[in-house]
file target27.cif (mmCIF, C-alpha atoms and all ligand atoms)
data_structure
loop_
_atom_site.label_atom_id
_atom_site.label_comp_id
_atom_site.auth_asym_id
_atom_site.auth_seq_id
_atom_site.Cartn_x
_atom_site.Cartn_y
_atom_site.Cartn_z
CA MET A 149 0.00 0.00 0.00
CA PRO A 150 1.70 3.28 -1.10
CA LEU A 151 1.85 6.12 1.41
CA PRO A 152 -0.89 8.67 0.50
CA THR A 153 0.22 12.25 -0.15
CA LYS A 154 -1.21 13.50 3.15
CA TYR A 155 1.10 11.17 5.09
CA LEU A 156 4.10 11.79 2.83
CA ASP A 157 3.71 15.52 3.41
CA ILE A 158 3.78 14.93 7.17
CA VAL A 159 6.81 12.61 7.27
CA LEU A 160 8.80 14.80 4.88
CA SER A 161 7.87 18.07 6.60
CA ASP A 162 10.06 20.05 9.02
CA LEU A 163 8.23 18.57 11.99
CA GLU A 164 10.46 16.94 14.60
CA PRO A 165 10.50 13.24 13.51
CA GLY A 166 8.71 11.85 16.57
CA LYS A 167 6.03 14.55 16.31
CA ALA A 168 5.55 13.69 12.62
CA TYR A 169 5.13 10.02 13.62
CA GLN A 170 2.53 10.90 16.25
CA LYS A 171 0.65 13.12 13.78
CA CYS A 172 0.52 10.22 11.30
CA MET A 173 -0.86 7.92 14.02
CA GLN A 174 -3.53 10.52 14.85
CA GLU A 175 -4.49 10.75 11.17
CA ILE A 176 -4.73 6.95 10.88
CA ALA A 177 -7.05 6.89 13.90
CA SER A 178 -9.22 9.77 12.72
CA ASP A 179 -9.48 8.31 9.19
CA SER A 180 -10.26 4.83 10.70
CA ARG A 181 -7.86 3.68 8.03
CA ASP A 182 -6.85 0.08 7.29
CA VAL A 183 -3.08 0.13 7.32
CA ASP A 184 -0.83 -2.70 6.12
CA TYR A 185 2.76 -3.51 7.08
CA GLY A 186 4.31 -1.52 4.19
CA PHE A 187 2.33 1.60 5.13
CA THR A 188 3.33 1.22 8.79
CA GLU A 189 6.96 0.63 7.87
CA ALA A 190 7.13 3.74 5.66
CA ILE A 191 5.97 5.97 8.53
CA VAL A 192 8.18 4.31 11.16
CA TYR A 193 11.24 4.29 8.91
CA ALA A 194 10.73 7.92 7.86
CA THR A 195 10.85 8.75 11.56
CA GLU A 196 13.69 6.51 12.66
CA VAL A 197 15.96 7.10 9.65
CA ARG A 198 15.71 10.85 10.23
CA TYR A 199 16.67 10.35 13.90
CA ALA A 200 19.53 8.05 12.90
CA VAL A 201 20.89 10.53 10.33
CA ASP A 202 20.68 13.31 12.93
CA ALA A 203 22.59 11.21 15.47
CA LEU A 204 25.24 10.32 12.89
CA THR A 205 25.72 13.90 11.73
CA LYS A 206 25.13 15.89 14.96
CA GLY A 207 25.95 13.37 17.70
CA ARG A 208 23.99 12.44 20.81
CA PRO A 209 20.61 14.21 21.17
CA ASP A 210 19.71 16.07 24.40
CA HIS A 211 17.56 13.14 25.42
CA PHE A 212 16.16 9.90 24.01
CA TRP A 213 12.43 10.29 23.44
CA ASN A 214 10.16 7.27 23.18
CA PHE A 215 8.00 8.87 20.47
CA GLY A 216 6.07 5.62 19.91
CA ASP A 217 4.63 5.74 23.43
CA LEU A 218 1.46 7.65 22.56
CA LYS A 219 -0.26 7.12 25.91
CA GLY A 220 2.82 7.71 28.09
CA GLY A 221 4.09 5.49 30.88
CA ALA A 222 5.58 2.70 28.72
CA ASP A 223 9.16 3.26 29.88
CA ASP A 224 8.16 3.18 33.57
CA TRP A 225 6.15 0.03 32.89
CA HIS A 226 9.22 -1.63 31.29
CA PHE A 227 11.37 -0.58 34.27
CA SER A 228 8.84 -1.92 36.78
CA ILE A 229 9.31 -5.38 35.21
CA LEU A 230 13.01 -5.33 34.35
CA ASP A 231 14.19 -3.77 37.64
CA ASP A 232 13.50 -7.18 39.25
CA VAL A 233 15.71 -9.15 36.81
CA LYS A 234 19.30 -9.61 38.07
CA ASN A 235 22.33 -9.51 35.69
CA LEU A 236 20.20 -8.33 32.81
CA ASN A 237 20.95 -9.82 29.40
CA ILE A 238 18.32 -8.23 27.16
CA ALA A 239 17.30 -9.10 23.61
CA PHE A 240 15.42 -6.21 22.01
CA VAL A 241 13.57 -7.69 19.04
CA GLY A 242 12.78 -5.29 16.19
CA GLY A 243 15.28 -2.58 17.05
CA GLY A 244 14.77 -0.63 13.83
CA PRO A 245 17.13 1.99 12.34
CA TYR A 246 17.09 3.98 15.61
CA PRO A 247 16.39 1.61 18.52
CA VAL A 248 15.48 4.31 21.00
CA SER A 249 13.92 1.83 23.45
CA ALA A 250 17.26 0.02 23.67
CA PHE A 251 18.99 3.39 24.23
CA ILE A 252 16.57 4.16 27.08
CA LEU A 253 17.24 0.70 28.56
CA ARG A 254 20.99 1.34 28.26
CA GLU A 255 20.59 4.56 30.30
CA ARG A 256 18.53 2.78 32.96
CA TYR A 257 20.75 -0.33 33.12
CA PRO A 258 24.37 0.69 32.39
CA GLN A 259 25.70 -2.78 33.29
CA ALA A 260 23.21 -4.78 31.21
CA SER A 261 24.09 -6.70 28.06
CA ILE A 262 21.75 -5.54 25.30
CA THR A 263 21.36 -7.01 21.79
CA CYS A 264 19.13 -5.48 19.10
CA ILE A 265 17.71 -7.91 16.54
CA ASP A 266 16.27 -6.88 13.17
CA ASN A 267 15.56 -8.59 9.86
CA HIS A 268 15.81 -5.40 7.77
CA ILE A 269 19.30 -4.72 6.44
CA ALA A 270 18.86 -0.91 6.47
CA ALA A 271 17.77 -1.02 10.10
CA HIS A 272 20.72 -3.24 10.97
CA ILE A 273 23.33 -1.08 9.24
CA LEU A 274 21.96 2.25 10.49
CA SER A 275 21.40 1.13 14.10
CA THR A 276 24.89 -0.39 14.23
CA ALA A 277 26.39 2.90 13.00
CA VAL A 278 24.39 4.99 15.51
CA ILE A 279 25.30 2.70 18.42
CA GLU A 280 28.97 2.97 17.50
CA LYS A 281 28.80 6.74 17.01
CA LEU A 282 27.09 7.27 20.40
CA ASP A 283 29.30 4.63 22.07
CA LEU A 284 26.31 2.83 23.60
CA GLY A 285 27.82 -0.65 23.89
CA ILE A 286 24.83 -2.45 22.35
CA ALA A 287 25.25 -5.49 20.10
CA THR A 288 23.26 -5.82 16.86
CA CYS A 289 22.18 -8.94 15.03
CA PHE A 290 20.74 -9.12 11.50
CA THR A 291 18.33 -12.02 11.43
CA GLU A 292 14.70 -13.13 11.42
CA ALA A 293 13.47 -12.99 15.05
CA ILE A 294 12.18 -16.56 15.05
CA GLU A 295 15.67 -17.89 14.11
CA VAL A 296 17.38 -16.55 17.25
CA ASP A 297 18.49 -18.79 20.14
CA TYR A 298 16.92 -16.95 23.11
CA SER A 299 18.30 -19.29 25.78
CA PRO A 300 21.20 -16.96 26.78
CA PHE A 301 18.83 -14.02 27.45
CA ASN A 302 16.99 -13.43 30.72
CA ALA A 303 14.80 -10.64 29.30
CA VAL A 304 13.31 -10.22 25.83
CA VAL A 305 11.48 -7.07 24.70
CA ILE A 306 9.50 -7.36 21.45
CA ALA A 307 8.72 -4.16 19.55
CA ALA A 308 5.18 -3.47 18.36
CA MET A 309 6.04 -3.62 14.66
CA VAL A 310 7.53 -7.13 14.81
CA SER A 311 5.63 -9.60 12.65
CA GLY A 312 4.62 -13.07 13.82
CA LYS A 313 4.52 -12.14 17.50
CA ASP A 314 2.26 -15.06 18.53
CA GLU A 315 4.64 -17.73 17.25
CA LEU A 316 7.71 -15.82 18.43
CA VAL A 317 6.45 -15.36 22.00
CA LYS A 318 5.56 -19.05 22.23
CA LYS A 319 9.05 -20.06 21.06
CA ILE A 320 10.84 -17.70 23.47
CA LEU A 321 8.79 -18.89 26.45
CA GLU A 322 9.37 -22.51 25.50
CA LYS A 323 13.10 -22.33 24.73
CA SER A 324 14.30 -19.87 27.39
CA SER A 325 13.61 -18.82 30.97
CA ALA A 326 13.47 -15.15 30.00
CA THR A 327 10.99 -12.58 31.21
CA VAL A 328 9.18 -11.50 28.03
CA ILE A 329 7.69 -8.08 27.31
CA VAL A 330 5.65 -7.75 24.14
CA ARG A 331 4.12 -4.56 22.79
CA GLY A 332 0.97 -5.77 21.15
CA ASP A 333 -1.78 -8.20 21.77
CA VAL A 334 -0.70 -11.84 21.49
CA ASP A 335 -2.77 -14.92 21.91
CA VAL A 336 -0.62 -16.38 24.71
CA ASP A 337 -0.91 -16.43 28.50
CA HIS A 338 2.11 -17.12 30.69
CA ASP A 339 3.39 -15.97 34.07
CA ARG A 340 6.64 -14.73 32.46
CA LEU A 341 4.80 -12.80 29.73
CA HIS A 342 3.92 -9.09 30.04
CA ARG A 343 1.75 -7.53 27.34
CA LEU A 344 1.42 -3.86 26.50
CA ASN A 345 -1.61 -2.92 24.44
CA SER A 346 0.15 -1.00 21.66
CA GLY A 347 -2.54 -0.89 18.99
CA PHE A 348 -0.33 -2.96 16.65
CA ASP A 349 -1.50 -6.26 15.17
CA ASN A 350 0.24 -9.66 15.11
CA ASP A 351 1.68 -8.90 11.63
CA GLY A 352 3.35 -5.69 12.85
CA SER A 353 0.98 -3.25 11.16
CA VAL A 354 -0.97 -0.54 12.98
CA GLY A 355 -4.27 -2.08 13.98
CA ALA A 356 -7.12 -0.28 12.27
CA SER A 357 -9.83 -1.98 14.24
C1 LIG B 1 11.01 0.20 13.36
S1 LIG B 1 11.26 -0.81 14.74
C2 LIG B 1 10.39 -0.13 16.07
C3 LIG B 1 11.16 -0.15 17.40
C4 LIG B 1 11.61 1.19 17.90
N1 LIG B 1 12.81 1.60 17.17
C5 LIG B 1 11.90 1.21 19.37
O1 LIG B 1 13.05 1.48 19.75
O2 LIG B 1 11.00 0.95 20.16
C6 LIG B 1 10.47 -2.32 14.29
C7 LIG B 1 11.47 -3.18 13.53
O3 LIG B 1 11.03 -4.53 13.64
C8 LIG B 1 11.64 -5.21 12.56
N2 LIG B 1 10.96 -6.48 12.39
C9 LIG B 1 9.65 -6.69 12.08
N3 LIG B 1 9.37 -8.00 12.04
C10 LIG B 1 10.54 -8.65 12.34
C11 LIG B 1 10.89 -10.03 12.45
N4 LIG B 1 9.98 -10.98 12.26
N5 LIG B 1 12.18 -10.34 12.78
C12 LIG B 1 13.10 -9.36 12.98
N6 LIG B 1 12.81 -8.04 12.90
C13 LIG B 1 11.56 -7.69 12.57
C14 LIG B 1 11.45 -4.27 11.38
O4 LIG B 1 12.39 -4.52 10.38
C15 LIG B 1 11.63 -2.89 12.07
O5 LIG B 1 12.89 -2.37 11.80
#

call {"tool": "encode", "arguments": {"input": "target27.cif", "output": "structure tokens"}}
result
Amino acid sequence: MPLPTKYLDIVLSDLEPGKAYQKCMQEIASDSRDVDYGFTEAIVYATEVRYAVDALTKGRPDHFWNFGDLKGGADDWHFSILDDVKNLNIAFVGGGPYPVSAFILRERYPQASITCIDNHIAAHILSTAVIEKLDLGIATCFTEAIEVDYSPFNAVVIAAMVSGKDELVKKILEKSSATVIVRGDVDVDHDRLHRLNSGFDNDGSVGAS
């Protein structure tokens, strides 16, 4: 699904990238629009690539802003779960070109091991460059999320836009002892699973319904 002009104008405007993202999400809601993965990806990548280019050209921003947290409180919710996990070894699945959630986790947990996983080569290359430029000490891995061996990790955070979350969550719970945080509704119940209602569907697109 190509990005309609209204949305292109927003993502290519002078608006701060995260504000442009939030405006697009508001438009999707007010249009009650059916949005597929490609449409979602174009908006998210327009935002994250602009942040990544800014970080690469201008250096570390004043602060890392979780622009995707439309309701507020998501970071505190993550901390309330992860603060209880000792010797954190975190897999962040679906890091994207600018894995700001991993950057926020790095600030909260300076001693933690953190690995960002992504199956998109542009996201992998850009995030690796930003992490190196900002000296954040985060590993990156270019692969399909379902292919990863999660047994070394004691915490796994799954981004809203990750596709195949149901199957992925089941595999992680089965093959590891990790605490799992997933942003999005999945059809799984488990005492180690924490779900955040993100408005994103199982295929990683913005849920229209
Ligand atoms: C754009 S990011 C959003 C995360 C955001 N940067 C943050 O810090 O919270 C979502 C990423 O998930 C990746 N992704 C989606 N499905 C995936 C899968 N099945 N395996 C690996 N990566 C996936 C996409 O390539 C995309 O880069």

call {"tool": "axis_aligned_box", "arguments": {"input": "target27.cif", "around": "ligand LIG 1 (chain B)", "padding_each_side": "4 Å", "output": "JSON"}}
result
{"center_x": 11.2, "center_y": -4.7, "center_z": 15.3, "size_x": 11.7, "size_y": 20.6, "size_z": 17.8}

call {"tool": "residues_near_ligand", "arguments": {"input": "target27.cif", "ligand": "ligand LIG 1 (chain B)", "cutoff": "8 Å", "atoms": "only C-alpha atoms and all ligand atoms", "output": "PDB file with C-alpha atoms, in the frame of the given file"}}
result
ATOM      1  CA  GLU A 189       6.960   0.630   7.870  1.00  0.00           C
ATOM      2  CA  VAL A 192       8.180   4.310  11.160  1.00  0.00           C
ATOM      3  CA  TYR A 193      11.240   4.290   8.910  1.00  0.00           C
ATOM      4  CA  GLU A 196      13.690   6.510  12.660  1.00  0.00           C
ATOM      5  CA  ASN A 214      10.160   7.270  23.180  1.00  0.00           C
ATOM      6  CA  GLY A 216       6.070   5.620  19.910  1.00  0.00           C
ATOM      7  CA  VAL A 241      13.570  -7.690  19.040  1.00  0.00           C
ATOM      8  CA  GLY A 242      12.780  -5.290  16.190  1.00  0.00           C
ATOM      9  CA  GLY A 243      15.280  -2.580  17.050  1.00  0.00           C
ATOM     10  CA  GLY A 244      14.770  -0.630  13.830  1.00  0.00           C
ATOM     11  CA  PRO A 245      17.130   1.990  12.340  1.00  0.00           C
ATOM     12  CA  TYR A 246      17.090   3.980  15.610  1.00  0.00           C
ATOM     13  CA  PRO A 247      16.390   1.610  18.520  1.00  0.00           C
ATOM     14  CA  VAL A 248      15.480   4.310  21.000  1.00  0.00           C
ATOM     15  CA  SER A 249      13.920   1.830  23.450  1.00  0.00           C
ATOM     16  CA  ALA A 250      17.260   0.020  23.670  1.00  0.00           C
ATOM     17  CA  PHE A 251      18.990   3.390  24.230  1.00  0.00           C
ATOM     18  CA  ILE A 265      17.710  -7.910  16.540  1.00  0.00           C
ATOM     19  CA  ASP A 266      16.270  -6.880  13.170  1.00  0.00           C
ATOM     20  CA  ASN A 267      15.560  -8.590   9.860  1.00  0.00           C
ATOM     21  CA  HIS A 268      15.810  -5.400   7.770  1.00  0.00           C
ATOM     22  CA  ILE A 269      19.300  -4.720   6.440  1.00  0.00           C
ATOM     23  CA  ALA A 271      17.770  -1.020  10.100  1.00  0.00           C
ATOM     24  CA  HIS A 272      20.720  -3.240  10.970  1.00  0.00           C
ATOM     25  CA  PHE A 290      20.740  -9.120  11.500  1.00  0.00           C
ATOM     26  CA  THR A 291      18.330 -12.020  11.430  1.00  0.00           C
ATOM     27  CA  GLU A 292      14.700 -13.130  11.420  1.00  0.00           C
ATOM     28  CA  ALA A 293      13.470 -12.990  15.050  1.00  0.00           C
ATOM     29  CA  ILE A 294      12.180 -16.560  15.050  1.00  0.00           C
ATOM     30  CA  ALA A 307       8.720  -4.160  19.550  1.00  0.00           C
ATOM     31  CA  ALA A 308       5.180  -3.470  18.360  1.00  0.00           C
ATOM     32  CA  MET A 309       6.040  -3.620  14.660  1.00  0.00           C
ATOM     33  CA  VAL A 310       7.530  -7.130  14.810  1.00  0.00           C
ATOM     34  CA  SER A 311       5.630  -9.600  12.650  1.00  0.00           C
ATOM     35  CA  GLY A 312       4.620 -13.070  13.820  1.00  0.00           C
ATOM     36  CA  LYS A 313       4.520 -12.140  17.500  1.00  0.00           C
ATOM     37  CA  ASP A 351       1.680  -8.900  11.630  1.00  0.00           C
ATOM     38  CA  GLY A 352       3.350  -5.690  12.850  1.00  0.00           C
TER      39      GLY A 352
END

call {"tool": "closest_residue", "arguments": {"input": "target27.cif", "among": "A:Glu280, A:Asp210, A:Glu315, A:Glu175", "to": "Glu295 of chain A", "atoms": "only C-alpha atoms"}}
result
A:Glu315

call {"tool": "closest_residue", "arguments": {"input": "target27.cif", "among": "A:Tyr185, A:Tyr155, A:Tyr257, A:Tyr199", "to": "Val278 of chain A", "atoms": "only C-alpha atoms"}}
result
A:Tyr199

call {"tool": "closest_atom_pairs", "arguments": {"input": "target27.cif", "of": "segment 176-227 of chain A", "to": "segment 320-335 of chain A", "cutoff": "10 Å", "atoms": "all atoms listed in the file", "output": "Markdown table"}}
result
| residue | atom | partner | partner_atom | distance |
| --- | --- | --- | --- | --- |
| A:Ala222 | CA | A:Arg331 | CA | 9.5 |
| A:Trp225 | CA | A:Ile329 | CA | 10.0 |
| A:His226 | CA | A:Ile329 | CA | 7.7 |

call {"tool": "closest_residue", "arguments": {"input": "target27.cif", "among": "A:Arg254, A:Arg198, A:Lys318, A:Lys281", "to": "Leu163 of chain A", "atoms": "all atoms listed in the file"}}
result
A:Arg198

call {"tool": "closest_residue", "arguments": {"input": "target27.cif", "among": "A:Phe212, A:Lys206, A:Ile191, A:Met149", "to": "Ala168 of chain A", "atoms": "all atoms listed in the file"}}
result
A:Ile191

call {"tool": "closest_residue", "arguments": {"input": "target27.cif", "among": "A:Ile176, A:Leu274, A:Leu341, A:Ala287", "to": "Leu204 of chain A", "atoms": "all atoms listed in the file"}}
result
A:Leu274

call {"tool": "atom_distance", "arguments": {"input": "target27.cif", "atom1": "atom CA of Leu151 of chain A", "atom2": "atom CA of Phe215 of chain A"}}
result
20.2 Å

call {"tool": "atom_distance", "arguments": {"input": "target27.cif", "atom1": "atom CA of His211 of chain A", "atom2": "atom CA of Val354 of chain A"}}
result
26.2 Å

call {"tool": "residues_near_point", "arguments": {"input": "target27.cif", "point": "(-2.0, 12.0, 8.3)", "cutoff": "9 Å", "atoms": "all atoms listed in the file", "output": "VMD selection string"}}
result
chain A and resid 152 to 159 168 171 to 176 178 to 179

call {"tool": "write_last_selection", "arguments": {"input": "target27.cif", "atoms": "C-alpha atoms", "output": "PDB file, keeping the file's coordinate frame"}}
result
ATOM      1  CA  PRO A 152      -0.890   8.670   0.500  1.00  0.00           C
ATOM      2  CA  THR A 153       0.220  12.250  -0.150  1.00  0.00           C
ATOM      3  CA  LYS A 154      -1.210  13.500   3.150  1.00  0.00           C
ATOM      4  CA  TYR A 155       1.100  11.170   5.090  1.00  0.00           C
ATOM      5  CA  LEU A 156       4.100  11.790   2.830  1.00  0.00           C
ATOM      6  CA  ASP A 157       3.710  15.520   3.410  1.00  0.00           C
ATOM      7  CA  ILE A 158       3.780  14.930   7.170  1.00  0.00           C
ATOM      8  CA  VAL A 159       6.810  12.610   7.270  1.00  0.00           C
ATOM      9  CA  ALA A 168       5.550  13.690  12.620  1.00  0.00           C
ATOM     10  CA  LYS A 171       0.650  13.120  13.780  1.00  0.00           C
ATOM     11  CA  CYS A 172       0.520  10.220  11.300  1.00  0.00           C
ATOM     12  CA  MET A 173      -0.860   7.920  14.020  1.00  0.00           C
ATOM     13  CA  GLN A 174      -3.530  10.520  14.850  1.00  0.00           C
ATOM     14  CA  GLU A 175      -4.490  10.750  11.170  1.00  0.00           C
ATOM     15  CA  ILE A 176      -4.730   6.950  10.880  1.00  0.00           C
ATOM     16  CA  SER A 178      -9.220   9.770  12.720  1.00  0.00           C
ATOM     17  CA  ASP A 179      -9.480   8.310   9.190  1.00  0.00           C
TER      18      ASP A 179
END

call {"tool": "residues_around", "arguments": {"input": "target27.cif", "residues": "Gly166 of chain A", "least_positions_apart": "3", "cutoff": "7 Å", "atoms": "all atoms listed in the file", "output": "PyMOL selection string"}}
result
chain A and resi 169-170+195+215

call {"tool": "write_last_selection", "arguments": {"input": "target27.cif", "atoms": "C-alpha atoms", "output": "short mmCIF file (atom, residue, chain, number, x, y, z; two decimals), keeping the file's coordinate frame"}}
result
data_model
loop_
_atom_site.label_atom_id
_atom_site.label_comp_id
_atom_site.auth_asym_id
_atom_site.auth_seq_id
_atom_site.Cartn_x
_atom_site.Cartn_y
_atom_site.Cartn_z
CA TYR A 169 5.13 10.02 13.62
CA GLN A 170 2.53 10.90 16.25
CA THR A 195 10.85 8.75 11.56
CA PHE A 215 8.00 8.87 20.47
#

call {"tool": "residues_around", "arguments": {"input": "target27.cif", "residues": "Asn237 of chain A", "least_positions_apart": "6", "cutoff": "7 Å", "atoms": "only C-alpha atoms", "output": "NGL selection string"}}
result
:A and (260-262 or 301-303)

call {"tool": "closest_residue", "arguments": {"input": "target27.cif", "among": "A:Asp283, A:Lys219, A:Cys264, A:Arg208", "to": "Ser346 of chain A", "atoms": "only C-alpha atoms"}}
result
A:Lys219

call {"tool": "atom_distance", "arguments": {"input": "target27.cif", "atom1": "atom CA of Tyr298 of chain A", "atom2": "atom CA of Leu230 of chain A"}}
result
16.6 Å

call {"tool": "build_atoms", "arguments": {"input": "target27.cif", "residues": "segment 291-319 of chain A", "atoms": "N, CA and C atoms", "output": "compact mmCIF listing (two decimals), in the frame of the given file"}}
result
# COMPACT_ATOMS: atom_id res chain seq x y z
N THR A 291 18.95 -10.71 11.63
CA THR A 291 18.33 -12.02 11.43
C THR A 291 16.82 -11.94 11.63
N GLU A 292 16.13 -12.96 11.17
CA GLU A 292 14.70 -13.13 11.42
C GLU A 292 14.55 -13.48 12.91
N ALA A 293 13.60 -12.82 13.59
CA ALA A 293 13.47 -12.99 15.05
C ALA A 293 13.27 -14.44 15.46
N ILE A 294 12.52 -15.18 14.67
CA ILE A 294 12.18 -16.56 15.05
C ILE A 294 13.42 -17.48 14.99
N GLU A 295 14.46 -17.06 14.26
CA GLU A 295 15.67 -17.89 14.11
C GLU A 295 16.63 -17.79 15.29
N VAL A 296 16.41 -16.83 16.19
CA VAL A 296 17.38 -16.55 17.25
C VAL A 296 17.29 -17.60 18.36
N ASP A 297 18.45 -17.95 18.94
CA ASP A 297 18.49 -18.79 20.14
C ASP A 297 18.35 -17.85 21.34
N TYR A 298 17.19 -17.88 22.00
CA TYR A 298 16.92 -16.95 23.11
C TYR A 298 17.38 -17.48 24.46
N SER A 299 17.96 -18.69 24.48
CA SER A 299 18.30 -19.29 25.78
C SER A 299 19.33 -18.48 26.58
N PRO A 300 20.26 -17.73 25.96
CA PRO A 300 21.20 -16.96 26.78
C PRO A 300 20.57 -15.71 27.44
N PHE A 301 19.41 -15.29 26.96
CA PHE A 301 18.83 -14.02 27.45
C PHE A 301 17.92 -14.26 28.65
N ASN A 302 17.95 -13.31 29.61
CA ASN A 302 16.99 -13.43 30.72
C ASN A 302 15.86 -12.39 30.61
N ALA A 303 15.91 -11.56 29.57
CA ALA A 303 14.80 -10.64 29.30
C ALA A 303 14.72 -10.42 27.80
N VAL A 304 13.51 -10.47 27.27
CA VAL A 304 13.31 -10.22 25.83
C VAL A 304 12.19 -9.19 25.70
N VAL A 305 12.48 -8.11 24.97
CA VAL A 305 11.48 -7.07 24.70
C VAL A 305 11.17 -7.12 23.21
N ILE A 306 9.90 -7.23 22.86
CA ILE A 306 9.50 -7.36 21.45
C ILE A 306 8.76 -6.10 21.02
N ALA A 307 9.31 -5.41 20.02
CA ALA A 307 8.72 -4.16 19.55
C ALA A 307 7.37 -4.40 18.86
N ALA A 308 6.54 -3.36 18.88
CA ALA A 308 5.18 -3.47 18.36
C ALA A 308 5.14 -3.89 16.90
N MET A 309 6.11 -3.41 16.12
CA MET A 309 6.04 -3.62 14.66
C MET A 309 6.57 -4.98 14.23
N VAL A 310 6.99 -5.81 15.17
CA VAL A 310 7.53 -7.13 14.81
C VAL A 310 6.39 -8.02 14.32
N SER A 311 6.65 -8.71 13.21
CA SER A 311 5.63 -9.60 12.65
C SER A 311 5.74 -10.99 13.27
N GLY A 312 4.63 -11.69 13.31
CA GLY A 312 4.62 -13.07 13.82
C GLY A 312 4.84 -13.16 15.32
N LYS A 313 4.26 -12.20 16.05
CA LYS A 313 4.52 -12.14 17.50
C LYS A 313 3.98 -13.37 18.25
N ASP A 314 2.84 -13.90 17.83
CA ASP A 314 2.26 -15.06 18.53
C ASP A 314 3.26 -16.22 18.56
N GLU A 315 3.73 -16.59 17.37
CA GLU A 315 4.64 -17.73 17.25
C GLU A 315 5.96 -17.44 17.97
N LEU A 316 6.43 -16.21 17.82
CA LEU A 316 7.71 -15.82 18.43
C LEU A 316 7.65 -15.91 19.95
N VAL A 317 6.59 -15.35 20.53
CA VAL A 317 6.45 -15.36 22.00
C VAL A 317 6.39 -16.80 22.51
N LYS A 318 5.65 -17.65 21.81
CA LYS A 318 5.56 -19.05 22.23
C LYS A 318 6.94 -19.69 22.22
N LYS A 319 7.71 -19.45 21.16
CA LYS A 319 9.05 -20.06 21.06
C LYS A 319 9.95 -19.56 22.19
